[in-house]
Amino acid sequence: MKQLLLINLFVFCLLTSVNAQDFPFGKWKPEEIDMKKYSRDSSAHAVVLNEFGNTKLTVVSSDNIRLVYDYHAKIKILDDNGFKHGTIEVPLYNGDEIGEEIADVTAVTIYKDENGAIKTEELDPSKIYKVVENKNHTTVKFALPGLRSGCIIEYKYRITSPYWQDFHDWQFQSDIPKVHSEYEAHIPGFWAYNAVLRGELKADKVISDLESNCFSTHGASSDCSHLVYGMNNIPAFIVEDYMTAPKNFVSALYFELSEFTNPYTGIHTKVAKEWEDVDYQLKRDDQFGGQIKKKDLLKDRIAPVIAGKTDELAKAKAVYAYLQKTIKWNDYYSFSSGDGIRKALDKHTGMAGDINLALVSALNAAGINAEAVMLSTRDHGIVNKLYPVITEFNYVIAKANIGGESYLLDATDPLLSFGMLPMRCLNDEGRVISMDKPSYWIKIVNPQTQSNTYTLDLTLQENGKLKGTFSSYSKGYAAYEKRKAIKKFNTVDEYVENFDEKLTRVKITKSNITNVDSLNLPLTETYEVEIDAFDNLNHAKLSFNPFIFDRIVINPFKLIERNYPVDWGMQSETRFVLNMKLPDGYIVENPPQNVAVAMPKNAARFTLVYDGSGDNAFTFSHAIQFNKSIYESDEYPYLKELYNRIILSEKTEIVFKKKI
């Protein structure tokens with residue numbers, strides 16, 4: 001949550017020396033109007049021609065310090081698919097008594113009519129409206145008038161904010177390309193912010209100078225730091241599958257308040273803390289350290305759970321299973337408890353912080369050394385380790401230390417096996433908060449892989465049908481996903497019925513699924529099937545594609561280049577084996593060719609093997625291995641090509657024909 005600090009001072013702020021580099025409003029160039037495609041990105045549906053932002057600390061008439069942010073953008077709409085960029089949404093934050101305000105909204109659309117004349121349509125102020133999202137968040141919305149392919153839209157606005165601790169960040173990169181983007185900041189010497197430019201792109205323009213005597217108040221004065229960052233020809237940032245939060249990779253400028261001096265009293269405050277300060281705060285916080293200390297609260301509840309168990313690992317697994325079943329997660333992320341673990345236990349529901357802090361406390365009550373681990377989920381971004389900021393965390397898990405081994409645990413999901421973390425937690429590193437020693441970083445990894453093995457044992461009948469058994473053997477995260485899919489149905493039989501309905505040309509005649517509730521064991525599915533896979537009714541020549549389950553038909557990697565990692569979260573392996581028996585008189589025409597493709601350093605591998613050496617029988621196997629959980633951007637072309645080869649191979653039709 002943003003924090004509000006109002007200083008009632010008789011101050012004034014005068015910015016001097018360098019004028020803002022904003023561009024004139026409502027002006028256009030013939031080449032901008034006539035642009036049909038953006039030369040640097042022919043796939044773009046819209047392009048930002050110019051963008052400018054300016055933030056300064058100033059004083060309003062009420063003598064309260066305010067952060068004033070001006071934004072101005074000019075965008076070329078190239079086709080109908082770019083119309084969405086003509087609807088503008090500006091988020092505002094509202095505190096209990098005061099909040100952010102928007103003013104000076106101006107917008108215009110410029111276009112050529114059917115006769116080639118230049119026309120303009122201005123935004124009607126009555127078309128600007130506010131939507132209250134919740135108690136603290138409001139969105140201001142407006143749509144540019146007269147949108148059409150080839151038009152130029154331009155808009156600007158000003159936001160006045162009392163939350164000067166949150167100096168406005170700037171995103172150079174967005175989902176459409178930009179010709180030019182520039183940001184200007186004016187910071188009086190009473191305030192110090194850490195400015196960090198993140199992302200792959202480098203600034204084309206960087207100015208850092210002083211504005212003399214820009215800020216004064218009743219004898220106290222200071223210069224201003226004047227910062228300007230600019231970039232040209234910025235490519236669009238395209239979100240693709242298998243990645244963590246986009247903000248980890250988008251080129252942007254971020255500000256973090258480190259310290260400030262009250263210009264009236266001279267009192268100096270250091271905002272950016274050391275990790276020792278964070279430790280001290282968390283350990284003494286009622287909703288964090290105070291909850292972990294409540295071992296006595298859980299001793300009576302835990303005693304029957306661990307009764308008869310002599311080793312620590314067995315006790316830990318029992319405590320973990322108990323919390324999984326006792327408190328249902330309400331889908332809210334948190335690193336601290338809401339109303340306390342006692343209430344969560346009594347109500348049998350709570351936030352992630354309630355459940356996992358209760359788990360830490362319960363493990364300690366059972367005599368097992370356990371610590372809390374604060375982390376940021378995959379969609380929340382990677383934590384900046386240089387500057388301790390508690391709000392960069394949004395989640396907490398437990399770390400159990402048993403017999404020289406450490407187990408990372410999350411009890412929010414009753415289908416997670418002991419030692420397995422949900423995908424949302426697999427994000428870089430977490431901060432371990434121990435109650436009796438300094439905090440430290442650990443890598444958040446999932447020791448289990450995603451493993452699937454499929455086996456088809458089929459016999460070709462004289463009538464051209466295939467009969468046999470399909471078996472699926474799932475381990476680790478693959479088993480977890482299967483269990484989730486099964487639990488969506490009231491019974492296992494309903495799951496099988498739904499599975500059968502989705503299959504084409506396949507009829508399930510009998511099924512058996514085991515270990516659905518045995519989370520630490522592989523999940524197995526066995527189906528007796530009858531497959532009608534042939535189109536040629538004369539049965540002289542029959543064709544069959546063996547990839548009737550989970551066939552890959554679309555390459556998830558489509559970019560020419562990707563400047564951020566491919567993050568699976570874990571290693572994975574998929575194996576498929578077809579054992580086929582043929583009736584007398586049939587042979588395989590043009591058997592599939594063996595394939596073996598590997599990425600450099602065996603980072604991933606794909607193999608296809610056909611063995612037709614048996615009498616009236618053959619074996620066809622197919623294996624995909626991803627031996628890393630994260631692939632860097634320079635490995636992307638190899639990964640993309642590997643998928644192309646897999647897709648091509650899974651189009652394979654095995655053709656049978658009668659001997660002549």
# chains A, B, ... in the order shown; residues from 1 in each chain; ligands from 1
call {"tool": "closest_atom_pairs", "arguments": {"of": "segment 524-640 of chain A", "to": "segment 197-214 of chain A", "cutoff": "12 Å", "atoms": "only C-alpha atoms", "output": "JSON lines"}}
result
{"residue": "A:Arg562", "atom": "CA", "partner": "A:Glu200", "partner_atom": "CA", "distance": 10.9}
{"residue": "A:Asn563", "atom": "CA", "partner": "A:Glu200", "partner_atom": "CA", "distance": 7.2}
{"residue": "A:Tyr564", "atom": "CA", "partner": "A:Glu200", "partner_atom": "CA", "distance": 8.6}
{"residue": "A:Pro565", "atom": "CA", "partner": "A:Glu200", "partner_atom": "CA", "distance": 11.9}
{"residue": "A:Ser633", "atom": "CA", "partner": "A:Glu200", "partner_atom": "CA", "distance": 11.1}
call {"tool": "residues_around", "arguments": {"residues": "Thr412 of chain A", "least_positions_apart": "2", "cutoff": "7 Å", "atoms": "only C-alpha atoms", "output": "JSON, numbers by chain"}}
result
{"A": [324, 328, 329, 352, 355, 410, 414]}
call {"tool": "closest_residue", "arguments": {"among": "A:Asp634, A:Asp354, A:Glu494, A:Glu184", "to": "Gln287 of chain A", "atoms": "only C-alpha atoms"}}
result
A:Asp354
call {"tool": "residues_around", "arguments": {"residues": "Thr619 of chain A", "least_positions_apart": "2", "cutoff": "10 Å", "atoms": "only C-alpha atoms", "output": "tab-separated table (two decimals) with N, CA and C atoms, in the first residue's frame"}}
result
chain	number	residue	atom	x	y	z
A	456	LEU	N	1.25	-47.38	-25.66
A	456	LEU	CA	0.13	-47.94	-26.42
A	456	LEU	C	0.51	-49.35	-26.85
A	457	ASP	N	-0.23	-50.35	-26.38
A	457	ASP	CA	-0.05	-51.73	-26.83
A	457	ASP	C	-1.27	-52.09	-27.66
A	577	VAL	N	5.66	-44.70	-26.20
A	577	VAL	CA	6.05	-45.97	-26.80
A	577	VAL	C	4.81	-46.65	-27.38
A	578	LEU	N	4.90	-47.02	-28.65
A	578	LEU	CA	3.84	-47.77	-29.32
A	578	LEU	C	4.36	-49.17	-29.64
A	579	ASN	N	3.70	-50.18	-29.10
A	579	ASN	CA	3.98	-51.58	-29.44
A	579	ASN	C	2.82	-52.09	-30.30
A	580	MET	N	3.11	-52.41	-31.55
A	580	MET	CA	2.05	-52.75	-32.49
A	580	MET	C	2.24	-54.17	-33.02
A	581	LYS	N	1.14	-54.94	-33.01
A	581	LYS	CA	1.12	-56.27	-33.62
A	581	LYS	C	0.24	-56.23	-34.86
A	609	VAL	N	12.50	-43.35	-32.58
A	609	VAL	CA	13.12	-44.62	-32.97
A	609	VAL	C	12.05	-45.59	-33.43
A	610	TYR	N	12.29	-46.18	-34.62
A	610	TYR	CA	11.39	-47.22	-35.16
A	610	TYR	C	12.16	-48.52	-35.23
A	611	ASP	N	11.58	-49.56	-34.64
A	611	ASP	CA	12.20	-50.88	-34.67
A	611	ASP	C	11.20	-51.88	-35.21
A	612	GLY	N	11.41	-52.30	-36.47
A	612	GLY	CA	10.50	-53.25	-37.11
A	612	GLY	C	11.11	-54.61	-37.30
A	613	SER	N	12.04	-54.99	-36.43
A	613	SER	CA	12.75	-56.25	-36.59
A	613	SER	C	11.93	-57.47	-36.19
A	614	GLY	N	10.86	-57.27	-35.44
A	614	GLY	CA	10.05	-58.40	-35.00
A	614	GLY	C	9.11	-58.90	-36.09
A	617	ALA	N	5.33	-57.39	-36.12
A	617	ALA	CA	5.26	-56.45	-35.00
A	617	ALA	C	6.33	-55.38	-35.17
A	621	SER	N	9.02	-45.48	-30.76
A	621	SER	CA	9.19	-44.70	-29.53
A	621	SER	C	9.58	-43.26	-29.86
call {"tool": "residues_around", "arguments": {"residues": "segment 415-426 of chain A", "least_positions_apart": "6", "cutoff": "10 Å", "atoms": "only C-alpha atoms", "output": "MDAnalysis selection string"}}
result
chainID A and resid 244 316:318 320:321 324:325 375:380 395:397 399:400 406:409 443:449 476:477 479:481 483:484 487 516:521 567:570
call {"tool": "atom_distance", "arguments": {"atom1": "atom CA of Lys601 of chain A", "atom2": "atom CA of Tyr643 of chain A"}}
result
17.2 Å
call {"tool": "closest_residue", "arguments": {"among": "A:Glu371, A:Asp615, A:Glu653, A:Asp22", "to": "Ala73 of chain A", "atoms": "only C-alpha atoms"}}
result
A:Asp22
call {"tool": "residues_around", "arguments": {"residues": "Leu357 of chain A", "least_positions_apart": "4", "cutoff": "10 Å", "atoms": "only C-alpha atoms", "output": "list in words"}}
result
Gln287, Phe288, Gly289, Gly290, Gln291, Ile292, Lys293, Lys294, Phe335, Ser336, Ser337, Gly340, Ile341, Ala352, Gly353, Ser361, Ala362, Leu363, Glu371, Ala372, Val373, Val396, Ile397, Ala398, Asp410 and Ala411 of chain A
call {"tool": "atom_distance", "arguments": {"atom1": "atom CA of Asn627 of chain A", "atom2": "atom CA of Gly403 of chain A"}}
result
28.1 Å
call {"tool": "residues_around", "arguments": {"residues": "Asn330 of chain A", "least_positions_apart": "5", "cutoff": "7 Å", "atoms": "only C-alpha atoms", "output": "PyMOL selection string"}}
result
chain A and resi 349-351
call {"tool": "write_last_selection", "arguments": {"atoms": "N, CA and C atoms", "output": "mmCIF file, in the first residue's frame"}}
result
data_model
loop_
_atom_site.group_PDB
_atom_site.id
_atom_site.type_symbol
_atom_site.label_atom_id
_atom_site.label_comp_id
_atom_site.auth_asym_id
_atom_site.auth_seq_id
_atom_site.Cartn_x
_atom_site.Cartn_y
_atom_site.Cartn_z
ATOM 1 N N THR A 349 -10.307 -21.458 6.962
ATOM 2 C CA THR A 349 -10.000 -20.762 5.716
ATOM 3 C C THR A 349 -9.066 -19.600 6.030
ATOM 4 N N GLY A 350 -8.233 -19.241 5.041
ATOM 5 C CA GLY A 350 -7.307 -18.139 5.271
ATOM 6 C C GLY A 350 -6.468 -17.834 4.056
ATOM 7 N N MET A 351 -5.639 -16.782 4.169
ATOM 8 C CA MET A 351 -4.739 -16.373 3.102
ATOM 9 C C MET A 351 -3.499 -17.272 3.105
#
call {"tool": "closest_residue", "arguments": {"among": "A:Glu100, A:Arg148, A:Lys385, A:Ile234", "to": "Lys273 of chain A", "atoms": "only C-alpha atoms"}}
result
A:Lys385
call {"tool": "residues_around", "arguments": {"residues": "segment 128-142 of chain A", "least_positions_apart": "5", "cutoff": "9 Å", "atoms": "only C-alpha atoms", "output": "ChimeraX atom specification"}}
result
/A:86-96,99,102,105,123
call {"tool": "write_last_selection", "arguments": {"atoms": "N, CA and C atoms", "output": "mmCIF file, in the first residue's frame"}}
result
data_model
loop_
_atom_site.group_PDB
_atom_site.id
_atom_site.type_symbol
_atom_site.label_atom_id
_atom_site.label_comp_id
_atom_site.auth_asym_id
_atom_site.auth_seq_id
_atom_site.Cartn_x
_atom_site.Cartn_y
_atom_site.Cartn_z
ATOM 1 N N GLY A 86 -6.668 3.280 -28.815
ATOM 2 C CA GLY A 86 -7.407 4.533 -28.755
ATOM 3 C C GLY A 86 -8.297 4.640 -27.527
ATOM 4 N N THR A 87 -8.344 3.596 -26.713
ATOM 5 C CA THR A 87 -9.064 3.636 -25.436
ATOM 6 C C THR A 87 -8.027 3.736 -24.330
ATOM 7 N N ILE A 88 -8.080 4.831 -23.593
ATOM 8 C CA ILE A 88 -7.044 5.133 -22.608
ATOM 9 C C ILE A 88 -7.579 4.885 -21.200
ATOM 10 N N GLU A 89 -6.778 4.225 -20.391
ATOM 11 C CA GLU A 89 -7.121 3.973 -18.994
ATOM 12 C C GLU A 89 -5.978 4.460 -18.108
ATOM 13 N N VAL A 90 -6.306 5.335 -17.159
ATOM 14 C CA VAL A 90 -5.312 5.906 -16.253
ATOM 15 C C VAL A 90 -5.668 5.490 -14.820
ATOM 16 N N PRO A 91 -4.853 4.652 -14.179
ATOM 17 C CA PRO A 91 -5.154 4.224 -12.809
ATOM 18 C C PRO A 91 -4.785 5.303 -11.791
ATOM 19 N N LEU A 92 -5.629 5.464 -10.779
ATOM 20 C CA LEU A 92 -5.373 6.403 -9.687
ATOM 21 C C LEU A 92 -5.500 5.656 -8.365
ATOM 22 N N TYR A 93 -4.674 6.054 -7.406
ATOM 23 C CA TYR A 93 -4.729 5.447 -6.080
ATOM 24 C C TYR A 93 -5.385 6.414 -5.109
ATOM 25 N N ASN A 94 -6.271 5.886 -4.250
ATOM 26 C CA ASN A 94 -6.980 6.711 -3.275
ATOM 27 C C ASN A 94 -6.721 6.182 -1.867
ATOM 28 N N GLY A 95 -6.267 7.081 -0.991
ATOM 29 C CA GLY A 95 -6.101 6.716 0.409
ATOM 30 C C GLY A 95 -7.405 6.889 1.155
ATOM 31 N N ASP A 96 -7.353 6.780 2.472
ATOM 32 C CA ASP A 96 -8.564 6.909 3.270
ATOM 33 C C ASP A 96 -9.116 8.330 3.237
ATOM 34 N N GLY A 99 -6.270 11.326 -2.164
ATOM 35 C CA GLY A 99 -5.747 10.442 -3.189
ATOM 36 C C GLY A 99 -5.194 11.204 -4.364
ATOM 37 N N ILE A 102 -6.492 13.643 -11.338
ATOM 38 C CA ILE A 102 -6.119 13.848 -12.730
ATOM 39 C C ILE A 102 -6.731 15.161 -13.225
ATOM 40 N N VAL A 105 -6.862 16.933 -19.017
ATOM 41 C CA VAL A 105 -6.933 15.883 -20.036
ATOM 42 C C VAL A 105 -7.301 16.513 -21.370
ATOM 43 N N LEU A 123 -11.491 15.481 -28.161
ATOM 44 C CA LEU A 123 -12.208 14.733 -27.135
ATOM 45 C C LEU A 123 -13.189 15.640 -26.404
#
call {"tool": "select_by_dssp", "arguments": {"residues": "segment 170-375 of chain A", "states": "strand (DSSP E or B)", "output": "MDAnalysis selection string"}}
result
chainID A and resid 170:171 178:188 191:198 205:217 220:234 252:261 268:270 328:329 349:350 369:375
call {"tool": "atom_distance", "arguments": {"atom1": "atom CA of Lys76 of chain A", "atom2": "atom CA of Ile33 of chain A"}}
result
8.2 Å
call {"tool": "closest_atom_pairs", "arguments": {"of": "segment 30-140 of chain A", "to": "segment 160-165 of chain A", "cutoff": "6 Å", "atoms": "only C-alpha atoms", "output": "CSV"}}
result
residue,atom,partner,partner_atom,distance
A:Arg66,CA,A:Pro162,CA,4.9
A:Leu67,CA,A:Ser161,CA,5.1
A:Val68,CA,A:Thr160,CA,4.7
A:Glu100,CA,A:Ser161,CA,4.5
A:Glu101,CA,A:Thr160,CA,5.3
call {"tool": "write_last_selection", "arguments": {"atoms": "all heavy atoms", "output": "CSV table (one decimal), in the first residue's frame"}}
result
chain,number,residue,atom,x,y,z
A,66,ARG,N,3.5,17.9,-3.3
A,66,ARG,CA,2.9,17.0,-4.2
A,66,ARG,C,3.9,16.6,-5.3
A,66,ARG,O,4.8,17.3,-5.7
A,66,ARG,CB,1.7,17.7,-4.9
A,66,ARG,CG,0.5,18.0,-3.9
A,66,ARG,CD,-0.2,16.7,-3.5
A,66,ARG,NE,-1.3,16.9,-2.7
A,66,ARG,CZ,-1.3,17.0,-1.4
A,66,ARG,NH1,-0.2,16.8,-0.7
A,66,ARG,NH2,-2.4,17.2,-0.7
A,67,LEU,N,3.6,15.4,-5.8
A,67,LEU,CA,4.3,14.8,-7.0
A,67,LEU,C,3.5,15.1,-8.2
A,67,LEU,O,2.3,14.6,-8.3
A,67,LEU,CB,4.6,13.3,-6.8
A,67,LEU,CG,5.6,12.7,-7.6
A,67,LEU,CD1,7.0,13.1,-7.2
A,67,LEU,CD2,5.6,11.1,-7.4
A,68,VAL,N,4.0,15.9,-9.1
A,68,VAL,CA,3.2,16.2,-10.3
A,68,VAL,C,3.8,15.5,-11.5
A,68,VAL,O,5.0,15.7,-11.8
A,68,VAL,CB,3.2,17.8,-10.5
A,68,VAL,CG1,2.5,18.1,-11.8
A,68,VAL,CG2,2.6,18.5,-9.3
A,100,GLU,N,-4.9,10.5,-5.4
A,100,GLU,CA,-4.3,11.1,-6.6
A,100,GLU,C,-5.5,11.7,-7.4
A,100,GLU,O,-6.6,11.2,-7.4
A,100,GLU,CB,-3.6,10.0,-7.5
A,100,GLU,CG,-2.4,9.4,-6.8
A,100,GLU,CD,-1.7,8.3,-7.5
A,100,GLU,OE1,-2.5,7.6,-8.3
A,100,GLU,OE2,-0.5,8.2,-7.4
A,101,GLU,N,-5.1,12.8,-8.2
A,101,GLU,CA,-6.1,13.5,-9.0
A,101,GLU,C,-5.6,13.7,-10.4
A,101,GLU,O,-4.4,13.9,-10.6
A,101,GLU,CB,-6.4,14.9,-8.3
A,101,GLU,CG,-7.0,14.8,-6.9
A,101,GLU,CD,-7.2,16.2,-6.3
A,101,GLU,OE1,-6.8,17.2,-6.9
A,101,GLU,OE2,-7.8,16.3,-5.3
call {"tool": "decode", "arguments": {"residues": "segment 147-210 of chain A", "atoms": "C-alpha atoms", "output": "PDB file, in the first residue's frame"}}
result
ATOM      1  CA  LEU A 147     -10.887   6.320 -34.891  1.00  0.00           C
ATOM      2  CA  ARG A 148     -10.072   4.868 -38.308  1.00  0.00           C
ATOM      3  CA  SER A 149      -7.172   3.097 -39.962  1.00  0.00           C
ATOM      4  CA  GLY A 150      -4.324   5.517 -40.657  1.00  0.00           C
ATOM      5  CA  CYS A 151      -5.321   8.126 -38.073  1.00  0.00           C
ATOM      6  CA  ILE A 152      -3.052   9.745 -35.508  1.00  0.00           C
ATOM      7  CA  ILE A 153      -4.226  10.029 -31.922  1.00  0.00           C
ATOM      8  CA  GLU A 154      -2.677  12.359 -29.391  1.00  0.00           C
ATOM      9  CA  TYR A 155      -3.460  12.899 -25.729  1.00  0.00           C
ATOM     10  CA  LYS A 156      -1.986  14.359 -22.566  1.00  0.00           C
ATOM     11  CA  TYR A 157      -2.918  14.647 -18.908  1.00  0.00           C
ATOM     12  CA  ARG A 158      -1.522  15.605 -15.488  1.00  0.00           C
ATOM     13  CA  ILE A 159      -1.631  13.556 -12.279  1.00  0.00           C
ATOM     14  CA  THR A 160      -1.104  15.232  -8.921  1.00  0.00           C
ATOM     15  CA  SER A 161      -0.202  12.785  -6.162  1.00  0.00           C
ATOM     16  CA  PRO A 162       0.369  13.162  -2.403  1.00  0.00           C
ATOM     17  CA  TYR A 163       2.439   9.965  -2.449  1.00  0.00           C
ATOM     18  CA  TRP A 164       5.795  11.531  -3.242  1.00  0.00           C
ATOM     19  CA  GLN A 165       7.563   8.507  -1.805  1.00  0.00           C
ATOM     20  CA  ASP A 166       6.481   6.716  -5.007  1.00  0.00           C
ATOM     21  CA  PHE A 167       8.293   8.765  -7.638  1.00  0.00           C
ATOM     22  CA  HIS A 168       6.743   7.950 -11.009  1.00  0.00           C
ATOM     23  CA  ASP A 169       8.468   5.153 -12.928  1.00  0.00           C
ATOM     24  CA  TRP A 170       8.698   5.182 -16.720  1.00  0.00           C
ATOM     25  CA  GLN A 171       8.200   2.316 -19.159  1.00  0.00           C
ATOM     26  CA  PHE A 172      10.145   2.816 -22.356  1.00  0.00           C
ATOM     27  CA  GLN A 173       8.924  -0.483 -23.767  1.00  0.00           C
ATOM     28  CA  SER A 174       5.307  -1.551 -24.302  1.00  0.00           C
ATOM     29  CA  ASP A 175       3.327  -3.941 -26.493  1.00  0.00           C
ATOM     30  CA  ILE A 176       3.748  -1.671 -29.547  1.00  0.00           C
ATOM     31  CA  PRO A 177       6.958  -0.147 -30.932  1.00  0.00           C
ATOM     32  CA  LYS A 178       7.966   3.443 -30.242  1.00  0.00           C
ATOM     33  CA  VAL A 179       9.883   5.884 -32.447  1.00  0.00           C
ATOM     34  CA  HIS A 180      10.906   8.084 -29.517  1.00  0.00           C
ATOM     35  CA  SER A 181      10.300   8.072 -25.764  1.00  0.00           C
ATOM     36  CA  GLU A 182      11.706  10.555 -23.258  1.00  0.00           C
ATOM     37  CA  TYR A 183      11.358  11.055 -19.534  1.00  0.00           C
ATOM     38  CA  GLU A 184      12.413  14.004 -17.385  1.00  0.00           C
ATOM     39  CA  ALA A 185      12.705  14.184 -13.590  1.00  0.00           C
ATOM     40  CA  HIS A 186      13.363  17.104 -11.227  1.00  0.00           C
ATOM     41  CA  ILE A 187      14.330  16.097  -7.676  1.00  0.00           C
ATOM     42  CA  PRO A 188      15.144  18.699  -4.985  1.00  0.00           C
ATOM     43  CA  GLY A 189      18.228  17.945  -2.897  1.00  0.00           C
ATOM     44  CA  PHE A 190      16.116  17.295   0.195  1.00  0.00           C
ATOM     45  CA  TRP A 191      15.136  13.982  -1.406  1.00  0.00           C
ATOM     46  CA  ALA A 192      17.346  11.146  -2.643  1.00  0.00           C
ATOM     47  CA  TYR A 193      16.030   8.425  -4.961  1.00  0.00           C
ATOM     48  CA  ASN A 194      17.868   5.481  -6.428  1.00  0.00           C
ATOM     49  CA  ALA A 195      17.228   5.537 -10.200  1.00  0.00           C
ATOM     50  CA  VAL A 196      17.688   2.203 -11.983  1.00  0.00           C
ATOM     51  CA  LEU A 197      17.284   1.517 -15.717  1.00  0.00           C
ATOM     52  CA  ARG A 198      16.300  -2.134 -16.189  1.00  0.00           C
ATOM     53  CA  GLY A 199      15.900  -4.208 -19.324  1.00  0.00           C
ATOM     54  CA  GLU A 200      17.936  -5.088 -22.398  1.00  0.00           C
ATOM     55  CA  LEU A 201      17.757  -1.699 -24.124  1.00  0.00           C
ATOM     56  CA  LYS A 202      20.236   1.119 -23.568  1.00  0.00           C
ATOM     57  CA  ALA A 203      19.311   4.784 -23.359  1.00  0.00           C
ATOM     58  CA  ASP A 204      20.235   6.918 -26.371  1.00  0.00           C
ATOM     59  CA  LYS A 205      20.059  10.079 -24.303  1.00  0.00           C
ATOM     60  CA  VAL A 206      21.122  10.566 -20.688  1.00  0.00           C
ATOM     61  CA  ILE A 207      21.375  13.986 -19.032  1.00  0.00           C
ATOM     62  CA  SER A 208      22.215  14.521 -15.393  1.00  0.00           C
ATOM     63  CA  ASP A 209      22.824  18.052 -14.165  1.00  0.00           C
ATOM     64  CA  LEU A 210      21.899  20.492 -11.423  1.00  0.00           C
TER      65      LEU A 210
END
